file entry-v9.txt (compact mmCIF, N, CA and C atoms)
# COMPACT_ATOMS: atom_id res chain seq x y z
N MET I 29 -34.38 -39.12 -44.32
CA MET I 29 -34.39 -38.10 -45.36
C MET I 29 -34.65 -36.72 -44.74
N GLU I 30 -35.49 -36.69 -43.71
CA GLU I 30 -35.78 -35.41 -43.06
C GLU I 30 -34.50 -34.76 -42.52
N LYS I 31 -33.67 -35.55 -41.87
CA LYS I 31 -32.42 -35.03 -41.32
C LYS I 31 -31.47 -34.59 -42.44
N VAL I 32 -31.41 -35.34 -43.50
CA VAL I 32 -30.55 -35.00 -44.64
C VAL I 32 -31.00 -33.66 -45.23
N CYS I 33 -32.29 -33.47 -45.38
CA CYS I 33 -32.81 -32.21 -45.92
C CYS I 33 -32.52 -31.04 -44.98
N LYS I 34 -32.74 -31.27 -43.71
CA LYS I 34 -32.51 -30.22 -42.72
C LYS I 34 -31.05 -29.78 -42.72
N GLU I 35 -30.14 -30.71 -42.87
CA GLU I 35 -28.71 -30.42 -42.86
C GLU I 35 -28.17 -30.06 -44.24
N GLN I 36 -29.05 -30.04 -45.26
CA GLN I 36 -28.65 -29.70 -46.64
C GLN I 36 -27.51 -30.58 -47.13
N ARG I 37 -27.66 -31.88 -46.94
CA ARG I 37 -26.64 -32.83 -47.37
C ARG I 37 -27.10 -33.59 -48.61
N LEU I 38 -26.14 -33.95 -49.44
CA LEU I 38 -26.40 -34.80 -50.58
C LEU I 38 -26.68 -36.21 -50.05
N PHE I 39 -27.74 -36.83 -50.55
CA PHE I 39 -28.16 -38.15 -50.08
C PHE I 39 -27.78 -39.19 -51.12
N ILE I 40 -26.97 -40.17 -50.73
CA ILE I 40 -26.54 -41.24 -51.61
C ILE I 40 -27.21 -42.52 -51.15
N THR I 41 -27.88 -43.21 -52.08
CA THR I 41 -28.67 -44.38 -51.71
C THR I 41 -28.69 -45.42 -52.83
N LEU I 42 -29.08 -46.62 -52.45
CA LEU I 42 -29.36 -47.70 -53.40
C LEU I 42 -30.86 -47.95 -53.51
N ASP I 43 -31.64 -47.21 -52.75
CA ASP I 43 -33.09 -47.40 -52.66
C ASP I 43 -33.81 -46.62 -53.76
N LYS I 44 -34.42 -47.35 -54.70
CA LYS I 44 -35.10 -46.73 -55.85
C LYS I 44 -36.28 -45.85 -55.45
N ASP I 45 -36.83 -46.03 -54.27
CA ASP I 45 -37.97 -45.22 -53.84
C ASP I 45 -37.61 -43.73 -53.76
N PHE I 46 -36.36 -43.40 -53.55
CA PHE I 46 -35.96 -42.00 -53.45
C PHE I 46 -35.88 -41.31 -54.82
N ALA I 47 -36.10 -42.06 -55.89
CA ALA I 47 -36.15 -41.46 -57.23
C ALA I 47 -37.56 -41.00 -57.58
N ASN I 48 -38.49 -41.14 -56.67
CA ASN I 48 -39.88 -40.73 -56.89
C ASN I 48 -39.96 -39.21 -56.84
N LEU I 49 -40.11 -38.57 -58.02
CA LEU I 49 -40.12 -37.11 -58.10
C LEU I 49 -41.37 -36.49 -57.49
N ARG I 50 -42.43 -37.24 -57.36
CA ARG I 50 -43.62 -36.70 -56.69
C ARG I 50 -43.40 -36.59 -55.19
N LYS I 51 -42.73 -37.57 -54.65
CA LYS I 51 -42.46 -37.58 -53.21
C LYS I 51 -41.26 -36.71 -52.85
N TYR I 52 -40.27 -36.66 -53.74
CA TYR I 52 -39.04 -35.89 -53.52
C TYR I 52 -38.78 -34.99 -54.74
N PRO I 53 -39.54 -33.92 -54.88
CA PRO I 53 -39.41 -33.05 -56.06
C PRO I 53 -38.01 -32.45 -56.19
N LEU I 54 -37.59 -32.27 -57.42
CA LEU I 54 -36.30 -31.65 -57.69
C LEU I 54 -36.24 -30.29 -57.01
N GLY I 55 -35.13 -29.99 -56.37
CA GLY I 55 -34.95 -28.72 -55.71
C GLY I 55 -35.48 -28.66 -54.28
N SER I 56 -36.23 -29.68 -53.85
CA SER I 56 -36.76 -29.68 -52.49
C SER I 56 -35.77 -30.30 -51.50
N HIS I 57 -34.62 -30.70 -51.99
CA HIS I 57 -33.58 -31.33 -51.19
C HIS I 57 -32.23 -30.89 -51.75
N ALA I 58 -31.17 -31.22 -51.05
CA ALA I 58 -29.84 -30.83 -51.49
C ALA I 58 -29.33 -31.71 -52.64
N GLY I 59 -30.00 -32.80 -52.90
CA GLY I 59 -29.62 -33.68 -53.99
C GLY I 59 -29.72 -35.14 -53.57
N ILE I 60 -30.15 -35.96 -54.51
CA ILE I 60 -30.25 -37.40 -54.28
C ILE I 60 -29.44 -38.09 -55.36
N VAL I 61 -28.56 -38.99 -54.94
CA VAL I 61 -27.78 -39.80 -55.87
C VAL I 61 -28.23 -41.24 -55.67
N LEU I 62 -28.85 -41.79 -56.69
CA LEU I 62 -29.29 -43.18 -56.67
C LEU I 62 -28.27 -44.02 -57.43
N LEU I 63 -27.65 -44.93 -56.73
CA LEU I 63 -26.67 -45.82 -57.34
C LEU I 63 -27.38 -47.10 -57.76
N ARG I 64 -27.14 -47.51 -59.00
CA ARG I 64 -27.79 -48.70 -59.54
C ARG I 64 -26.77 -49.72 -60.03
N PRO I 65 -26.00 -50.30 -59.11
CA PRO I 65 -25.02 -51.31 -59.54
C PRO I 65 -25.72 -52.59 -59.95
N TYR I 66 -25.10 -53.31 -60.88
CA TYR I 66 -25.68 -54.60 -61.27
C TYR I 66 -25.48 -55.63 -60.17
N SER I 67 -24.43 -55.43 -59.39
CA SER I 67 -24.16 -56.26 -58.22
C SER I 67 -24.12 -55.33 -57.03
N HIS I 68 -24.66 -55.73 -55.91
CA HIS I 68 -24.65 -54.87 -54.73
C HIS I 68 -23.39 -55.07 -53.89
N SER I 69 -22.35 -55.53 -54.54
CA SER I 69 -21.09 -55.71 -53.82
C SER I 69 -20.48 -54.34 -53.52
N ARG I 70 -19.67 -54.31 -52.50
CA ARG I 70 -18.99 -53.07 -52.12
C ARG I 70 -18.15 -52.53 -53.29
N THR I 71 -17.49 -53.43 -54.00
CA THR I 71 -16.65 -53.04 -55.12
C THR I 71 -17.46 -52.36 -56.22
N ALA I 72 -18.60 -52.90 -56.55
CA ALA I 72 -19.44 -52.32 -57.61
C ALA I 72 -19.95 -50.94 -57.20
N VAL I 73 -20.38 -50.80 -55.96
CA VAL I 73 -20.88 -49.51 -55.47
C VAL I 73 -19.75 -48.47 -55.49
N LEU I 74 -18.59 -48.85 -54.98
CA LEU I 74 -17.46 -47.92 -54.95
C LEU I 74 -17.00 -47.53 -56.35
N ARG I 75 -17.06 -48.44 -57.29
CA ARG I 75 -16.67 -48.15 -58.67
C ARG I 75 -17.58 -47.07 -59.26
N ILE I 76 -18.87 -47.16 -59.00
CA ILE I 76 -19.81 -46.15 -59.51
C ILE I 76 -19.56 -44.81 -58.82
N LEU I 77 -19.35 -44.82 -57.52
CA LEU I 77 -19.07 -43.58 -56.80
C LEU I 77 -17.79 -42.92 -57.30
N GLU I 78 -16.75 -43.70 -57.52
CA GLU I 78 -15.49 -43.16 -58.03
C GLU I 78 -15.68 -42.53 -59.41
N LYS I 79 -16.44 -43.19 -60.26
CA LYS I 79 -16.71 -42.65 -61.59
C LYS I 79 -17.47 -41.33 -61.49
N LEU I 80 -18.48 -41.29 -60.65
CA LEU I 80 -19.28 -40.09 -60.46
C LEU I 80 -18.42 -38.94 -59.95
N LEU I 81 -17.61 -39.21 -58.94
CA LEU I 81 -16.77 -38.16 -58.35
C LEU I 81 -15.67 -37.68 -59.29
N SER I 82 -15.25 -38.52 -60.21
CA SER I 82 -14.22 -38.11 -61.17
C SER I 82 -14.80 -37.25 -62.30
N GLN I 83 -16.11 -37.33 -62.51
CA GLN I 83 -16.74 -36.62 -63.63
C GLN I 83 -17.52 -35.38 -63.22
N TYR I 84 -17.92 -35.28 -61.96
CA TYR I 84 -18.81 -34.19 -61.55
C TYR I 84 -18.33 -33.55 -60.25
N VAL I 85 -18.61 -32.27 -60.14
CA VAL I 85 -18.39 -31.54 -58.89
C VAL I 85 -19.69 -31.65 -58.10
N LEU I 86 -19.61 -32.12 -56.88
CA LEU I 86 -20.81 -32.37 -56.09
C LEU I 86 -21.68 -31.12 -55.92
N GLU I 87 -21.08 -29.96 -55.81
CA GLU I 87 -21.85 -28.73 -55.65
C GLU I 87 -22.76 -28.48 -56.87
N ASP I 88 -22.35 -28.96 -58.04
CA ASP I 88 -23.15 -28.79 -59.26
C ASP I 88 -24.38 -29.69 -59.28
N LEU I 89 -24.46 -30.63 -58.36
CA LEU I 89 -25.58 -31.56 -58.30
C LEU I 89 -26.62 -31.15 -57.27
N TYR I 90 -26.48 -29.94 -56.73
CA TYR I 90 -27.39 -29.45 -55.69
C TYR I 90 -28.83 -29.45 -56.21
N GLY I 91 -29.72 -30.09 -55.47
CA GLY I 91 -31.14 -30.12 -55.81
C GLY I 91 -31.51 -31.10 -56.91
N CYS I 92 -30.54 -31.83 -57.42
CA CYS I 92 -30.76 -32.74 -58.55
C CYS I 92 -31.09 -34.16 -58.08
N LEU I 93 -31.61 -34.92 -59.03
CA LEU I 93 -31.71 -36.37 -58.88
C LEU I 93 -30.70 -36.95 -59.85
N VAL I 94 -29.77 -37.72 -59.32
CA VAL I 94 -28.73 -38.35 -60.13
C VAL I 94 -28.93 -39.86 -60.05
N VAL I 95 -28.97 -40.49 -61.20
CA VAL I 95 -29.06 -41.96 -61.25
C VAL I 95 -27.82 -42.43 -61.98
N ALA I 96 -27.00 -43.22 -61.29
CA ALA I 96 -25.73 -43.65 -61.85
C ALA I 96 -25.60 -45.16 -61.81
N ASP I 97 -25.14 -45.71 -62.93
CA ASP I 97 -24.81 -47.13 -62.95
C ASP I 97 -23.41 -47.28 -63.52
N GLU I 98 -23.01 -48.48 -63.85
CA GLU I 98 -21.65 -48.72 -64.32
C GLU I 98 -21.34 -48.03 -65.65
N TYR I 99 -22.38 -47.74 -66.45
CA TYR I 99 -22.16 -47.24 -67.80
C TYR I 99 -22.53 -45.79 -68.03
N ARG I 100 -23.42 -45.25 -67.22
CA ARG I 100 -23.84 -43.87 -67.46
C ARG I 100 -24.33 -43.19 -66.19
N VAL I 101 -24.39 -41.87 -66.29
CA VAL I 101 -24.91 -41.04 -65.21
C VAL I 101 -25.99 -40.16 -65.82
N ARG I 102 -27.18 -40.22 -65.24
CA ARG I 102 -28.29 -39.38 -65.70
C ARG I 102 -28.60 -38.37 -64.61
N ILE I 103 -28.80 -37.13 -65.01
CA ILE I 103 -29.04 -36.07 -64.04
C ILE I 103 -30.32 -35.34 -64.41
N ARG I 104 -31.22 -35.24 -63.46
CA ARG I 104 -32.42 -34.41 -63.60
C ARG I 104 -32.21 -33.19 -62.73
N ARG I 105 -32.26 -32.02 -63.32
CA ARG I 105 -31.99 -30.78 -62.60
C ARG I 105 -33.29 -30.06 -62.27
N PRO I 106 -33.30 -29.27 -61.20
CA PRO I 106 -34.53 -28.55 -60.81
C PRO I 106 -35.12 -27.70 -61.93
N SER I 107 -34.29 -27.10 -62.76
CA SER I 107 -34.81 -26.28 -63.85
C SER I 107 -35.60 -27.10 -64.87
N GLU I 108 -35.30 -28.40 -64.98
CA GLU I 108 -36.01 -29.27 -65.91
C GLU I 108 -37.43 -29.54 -65.44
N ALA I 109 -37.68 -29.43 -64.15
CA ALA I 109 -39.02 -29.69 -63.62
C ALA I 109 -40.01 -28.62 -64.05
N LYS I 110 -39.52 -27.45 -64.40
CA LYS I 110 -40.39 -26.33 -64.79
C LYS I 110 -40.78 -26.37 -66.26
N ARG I 111 -40.15 -27.22 -67.03
CA ARG I 111 -40.41 -27.29 -68.47
C ARG I 111 -41.73 -27.93 -68.78

call {"tool": "encode", "arguments": {"input": "entry-v9.txt", "output": "structure tokens"}}
result
Amino acid sequence: MEKVCKEQRLFITLDKDFANLRKYPLGSHAGIVLLRPYSHSRTAVLRILEKLLSQYVLEDLYGCLVVADEYRVRIRRPSEAKR
């Protein structure tokens, strides 16, 4: 994660630990995308990624936490952390 932050890259993971907002506050990174497939098959993961990429511009997800599964995409934006 340190290297990803240093290089300002969007981080795509299946690891739920990266959704911890206390450890990885919104806006402290270039963005985290947590994929939550019901099956960890390559096909299921790619299907979620394709859906996400067809609906969102990656630059708009800068600093956000995105949680995506087969049915929905939830986005927490840095501005929401201040509310």

call {"tool": "closest_residue", "arguments": {"input": "entry-v9.txt", "among": "I:Met29, I:Arg102, I:Phe46, I:Gln36", "to": "Ala58 (chain I)", "atoms": "only C-alpha atoms"}}
result
I:Gln36

call {"tool": "atom_distance", "arguments": {"input": "entry-v9.txt", "atom1": "atom N of Ile103 (chain I)", "atom2": "atom C of Tyr52 (chain I)"}}
result
14.5 Å

call {"tool": "atom_distance", "arguments": {"input": "entry-v9.txt", "atom1": "CA of Tyr90 (chain I)", "atom2": "atom C of Leu54 (chain I)"}}
result
9.0 Å

call {"tool": "residues_around", "arguments": {"input": "entry-v9.txt", "residues": "region 38-45 of chain I", "least_positions_apart": "5", "cutoff": "6 Å", "atoms": "only N, CA and C atoms", "output": "number ranges by chain"}}
result
I: 58-63

call {"tool": "atom_distance", "arguments": {"input": "entry-v9.txt", "atom1": "CA of Ala47 (chain I)", "atom2": "CA of Tyr84 (chain I)"}}
result
19.3 Å

call {"tool": "select_by_dssp", "arguments": {"input": "entry-v9.txt", "residues": "region 33-69 of chain I", "states": "strand (DSSP E)", "output": "JSON, numbers by chain"}}
result
{"I": [39, 40, 41, 60, 61, 62, 63]}

call {"tool": "select_by_dssp", "arguments": {"input": "entry-v9.txt", "residues": "chain I", "states": "helix (DSSP H, G or I)", "output": "compact mmCIF listing (two decimals) with N, CA and C atoms, in the frame of the given file"}}
result
# COMPACT_ATOMS: atom_id res chain seq x y z
N GLU I 30 -35.49 -36.69 -43.71
CA GLU I 30 -35.78 -35.41 -43.06
C GLU I 30 -34.50 -34.76 -42.52
N LYS I 31 -33.67 -35.55 -41.87
CA LYS I 31 -32.42 -35.03 -41.32
C LYS I 31 -31.47 -34.59 -42.44
N VAL I 32 -31.41 -35.34 -43.50
CA VAL I 32 -30.55 -35.00 -44.64
C VAL I 32 -31.00 -33.66 -45.23
N CYS I 33 -32.29 -33.47 -45.38
CA CYS I 33 -32.81 -32.21 -45.92
C CYS I 33 -32.52 -31.04 -44.98
N LYS I 34 -32.74 -31.27 -43.71
CA LYS I 34 -32.51 -30.22 -42.72
C LYS I 34 -31.05 -29.78 -42.72
N LYS I 44 -34.42 -47.35 -54.70
CA LYS I 44 -35.10 -46.73 -55.85
C LYS I 44 -36.28 -45.85 -55.45
N ASP I 45 -36.83 -46.03 -54.27
CA ASP I 45 -37.97 -45.22 -53.84
C ASP I 45 -37.61 -43.73 -53.76
N PHE I 46 -36.36 -43.40 -53.55
CA PHE I 46 -35.96 -42.00 -53.45
C PHE I 46 -35.88 -41.31 -54.82
N ALA I 47 -36.10 -42.06 -55.89
CA ALA I 47 -36.15 -41.46 -57.23
C ALA I 47 -37.56 -41.00 -57.58
N ARG I 70 -19.67 -54.31 -52.50
CA ARG I 70 -18.99 -53.07 -52.12
C ARG I 70 -18.15 -52.53 -53.29
N THR I 71 -17.49 -53.43 -54.00
CA THR I 71 -16.65 -53.04 -55.12
C THR I 71 -17.46 -52.36 -56.22
N ALA I 72 -18.60 -52.90 -56.55
CA ALA I 72 -19.44 -52.32 -57.61
C ALA I 72 -19.95 -50.94 -57.20
N VAL I 73 -20.38 -50.80 -55.96
CA VAL I 73 -20.88 -49.51 -55.47
C VAL I 73 -19.75 -48.47 -55.49
N LEU I 74 -18.59 -48.85 -54.98
CA LEU I 74 -17.46 -47.92 -54.95
C LEU I 74 -17.00 -47.53 -56.35
N ARG I 75 -17.06 -48.44 -57.29
CA ARG I 75 -16.67 -48.15 -58.67
C ARG I 75 -17.58 -47.07 -59.26
N ILE I 76 -18.87 -47.16 -59.00
CA ILE I 76 -19.81 -46.15 -59.51
C ILE I 76 -19.56 -44.81 -58.82
N LEU I 77 -19.35 -44.82 -57.52
CA LEU I 77 -19.07 -43.58 -56.80
C LEU I 77 -17.79 -42.92 -57.30
N GLU I 78 -16.75 -43.70 -57.52
CA GLU I 78 -15.49 -43.16 -58.03
C GLU I 78 -15.68 -42.53 -59.41
N LYS I 79 -16.44 -43.19 -60.26
CA LYS I 79 -16.71 -42.65 -61.59
C LYS I 79 -17.47 -41.33 -61.49
N LEU I 80 -18.48 -41.29 -60.65
CA LEU I 80 -19.28 -40.09 -60.46
C LEU I 80 -18.42 -38.94 -59.95
N LEU I 81 -17.61 -39.21 -58.94
CA LEU I 81 -16.77 -38.16 -58.35
C LEU I 81 -15.67 -37.68 -59.29
N SER I 82 -15.25 -38.52 -60.21
CA SER I 82 -14.22 -38.11 -61.17
C SER I 82 -14.80 -37.25 -62.30
N GLN I 83 -16.11 -37.33 -62.51
CA GLN I 83 -16.74 -36.62 -63.63
C GLN I 83 -17.52 -35.38 -63.22
N LEU I 86 -19.61 -32.12 -56.88
CA LEU I 86 -20.81 -32.37 -56.09
C LEU I 86 -21.68 -31.12 -55.92
N GLU I 87 -21.08 -29.96 -55.81
CA GLU I 87 -21.85 -28.73 -55.65
C GLU I 87 -22.76 -28.48 -56.87
N ASP I 88 -22.35 -28.96 -58.04
CA ASP I 88 -23.15 -28.79 -59.26
C ASP I 88 -24.38 -29.69 -59.28
N LEU I 89 -24.46 -30.63 -58.36
CA LEU I 89 -25.58 -31.56 -58.30
C LEU I 89 -26.62 -31.15 -57.27
N PRO I 106 -33.30 -29.27 -61.20
CA PRO I 106 -34.53 -28.55 -60.81
C PRO I 106 -35.12 -27.70 -61.93
N SER I 107 -34.29 -27.10 -62.76
CA SER I 107 -34.81 -26.28 -63.85
C SER I 107 -35.60 -27.10 -64.87
N GLU I 108 -35.30 -28.40 -64.98
CA GLU I 108 -36.01 -29.27 -65.91
C GLU I 108 -37.43 -29.54 -65.44
N ALA I 109 -37.68 -29.43 -64.15
CA ALA I 109 -39.02 -29.69 -63.62
C ALA I 109 -40.01 -28.62 -64.05

call {"tool": "closest_residue", "arguments": {"input": "entry-v9.txt", "among": "I:Leu77, I:Cys33, I:Val85, I:Ala72", "to": "Ser56 (chain I)", "atoms": "only C-alpha atoms"}}
result
I:Cys33

call {"tool": "residues_around", "arguments": {"input": "entry-v9.txt", "residues": "region 96-101 of chain I", "least_positions_apart": "3", "cutoff": "6 Å", "atoms": "only C-alpha atoms", "output": "list in words"}}
result
Leu63, Arg64, Pro65 and Ile76 of chain I

call {"tool": "closest_residue", "arguments": {"input": "entry-v9.txt", "among": "I:His57, I:Arg75, I:Arg104, I:His68", "to": "Arg37 (chain I)", "atoms": "only C-alpha atoms"}}
result
I:His57

call {"tool": "decode", "arguments": {"input": "entry-v9.txt", "residues": "region 40-66 of chain I", "atoms": "N, CA and C atoms", "output": "tab-separated table (two decimals), in the first residue's frame"}}
result
chain	number	residue	atom	x	y	z
I	40	ILE	N	-6.65	-1.80	-6.38
I	40	ILE	CA	-7.77	-2.73	-6.56
I	40	ILE	C	-7.43	-3.99	-5.79
I	41	THR	N	-8.37	-4.42	-4.92
I	41	THR	CA	-8.09	-5.55	-4.04
I	41	THR	C	-9.35	-6.36	-3.75
I	42	LEU	N	-9.13	-7.56	-3.26
I	42	LEU	CA	-10.21	-8.41	-2.73
I	42	LEU	C	-10.14	-8.47	-1.20
I	43	ASP	N	-9.16	-7.81	-0.63
I	43	ASP	CA	-8.90	-7.86	0.81
I	43	ASP	C	-9.74	-6.82	1.56
I	44	LYS	N	-10.69	-7.30	2.37
I	44	LYS	CA	-11.60	-6.40	3.10
I	44	LYS	C	-10.89	-5.49	4.09
I	45	ASP	N	-9.70	-5.83	4.51
I	45	ASP	CA	-8.97	-5.00	5.47
I	45	ASP	C	-8.70	-3.59	4.93
I	46	PHE	N	-8.61	-3.45	3.62
I	46	PHE	CA	-8.34	-2.14	3.03
I	46	PHE	C	-9.56	-1.22	3.04
I	47	ALA	N	-10.70	-1.72	3.48
I	47	ALA	CA	-11.89	-0.88	3.61
I	47	ALA	C	-11.96	-0.23	4.99
I	48	ASN	N	-10.96	-0.43	5.81
I	48	ASN	CA	-10.91	0.15	7.15
I	48	ASN	C	-10.59	1.65	7.03
I	49	LEU	N	-11.61	2.50	7.23
I	49	LEU	CA	-11.43	3.94	7.06
I	49	LEU	C	-10.55	4.57	8.14
I	50	ARG	N	-10.40	3.92	9.27
I	50	ARG	CA	-9.49	4.45	10.29
I	50	ARG	C	-8.03	4.25	9.87
I	51	LYS	N	-7.77	3.12	9.27
I	51	LYS	CA	-6.41	2.82	8.84
I	51	LYS	C	-6.08	3.48	7.50
I	52	TYR	N	-7.09	3.59	6.62
I	52	TYR	CA	-6.92	4.16	5.29
I	52	TYR	C	-7.99	5.24	5.07
I	53	PRO	N	-7.83	6.40	5.69
I	53	PRO	CA	-8.85	7.46	5.60
I	53	PRO	C	-9.07	7.92	4.16
I	54	LEU	N	-10.31	8.27	3.87
I	54	LEU	CA	-10.65	8.80	2.55
I	54	LEU	C	-9.76	10.00	2.24
I	55	GLY	N	-9.24	10.05	1.03
I	55	GLY	CA	-8.41	11.15	0.61
I	55	GLY	C	-6.93	11.00	0.95
I	56	SER	N	-6.58	10.00	1.76
I	56	SER	CA	-5.17	9.80	2.12
I	56	SER	C	-4.45	8.90	1.11
I	57	HIS	N	-5.17	8.49	0.08
I	57	HIS	CA	-4.65	7.61	-0.96
I	57	HIS	C	-5.31	8.00	-2.28
I	58	ALA	N	-4.84	7.44	-3.36
I	58	ALA	CA	-5.39	7.76	-4.67
I	58	ALA	C	-6.73	7.07	-4.91
I	59	GLY	N	-7.08	6.12	-4.08
I	59	GLY	CA	-8.35	5.42	-4.21
I	59	GLY	C	-8.17	3.93	-3.98
I	60	ILE	N	-9.16	3.35	-3.33
I	60	ILE	CA	-9.17	1.91	-3.08
I	60	ILE	C	-10.46	1.35	-3.65
I	61	VAL	N	-10.33	0.31	-4.45
I	61	VAL	CA	-11.49	-0.40	-5.00
I	61	VAL	C	-11.47	-1.79	-4.40
I	62	LEU	N	-12.47	-2.08	-3.59
I	62	LEU	CA	-12.63	-3.39	-2.98
I	62	LEU	C	-13.66	-4.17	-3.78
I	63	LEU	N	-13.22	-5.26	-4.37
I	63	LEU	CA	-14.11	-6.12	-5.13
I	63	LEU	C	-14.64	-7.22	-4.22
I	64	ARG	N	-15.95	-7.41	-4.26
I	64	ARG	CA	-16.59	-8.40	-3.39
I	64	ARG	C	-17.38	-9.42	-4.21
I	65	PRO	N	-16.70	-10.23	-5.00
I	65	PRO	CA	-17.43	-11.24	-5.78
I	65	PRO	C	-17.95	-12.35	-4.88
I	66	TYR	N	-19.06	-12.94	-5.28
I	66	TYR	CA	-19.59	-14.06	-4.49
I	66	TYR	C	-18.72	-15.30	-4.69
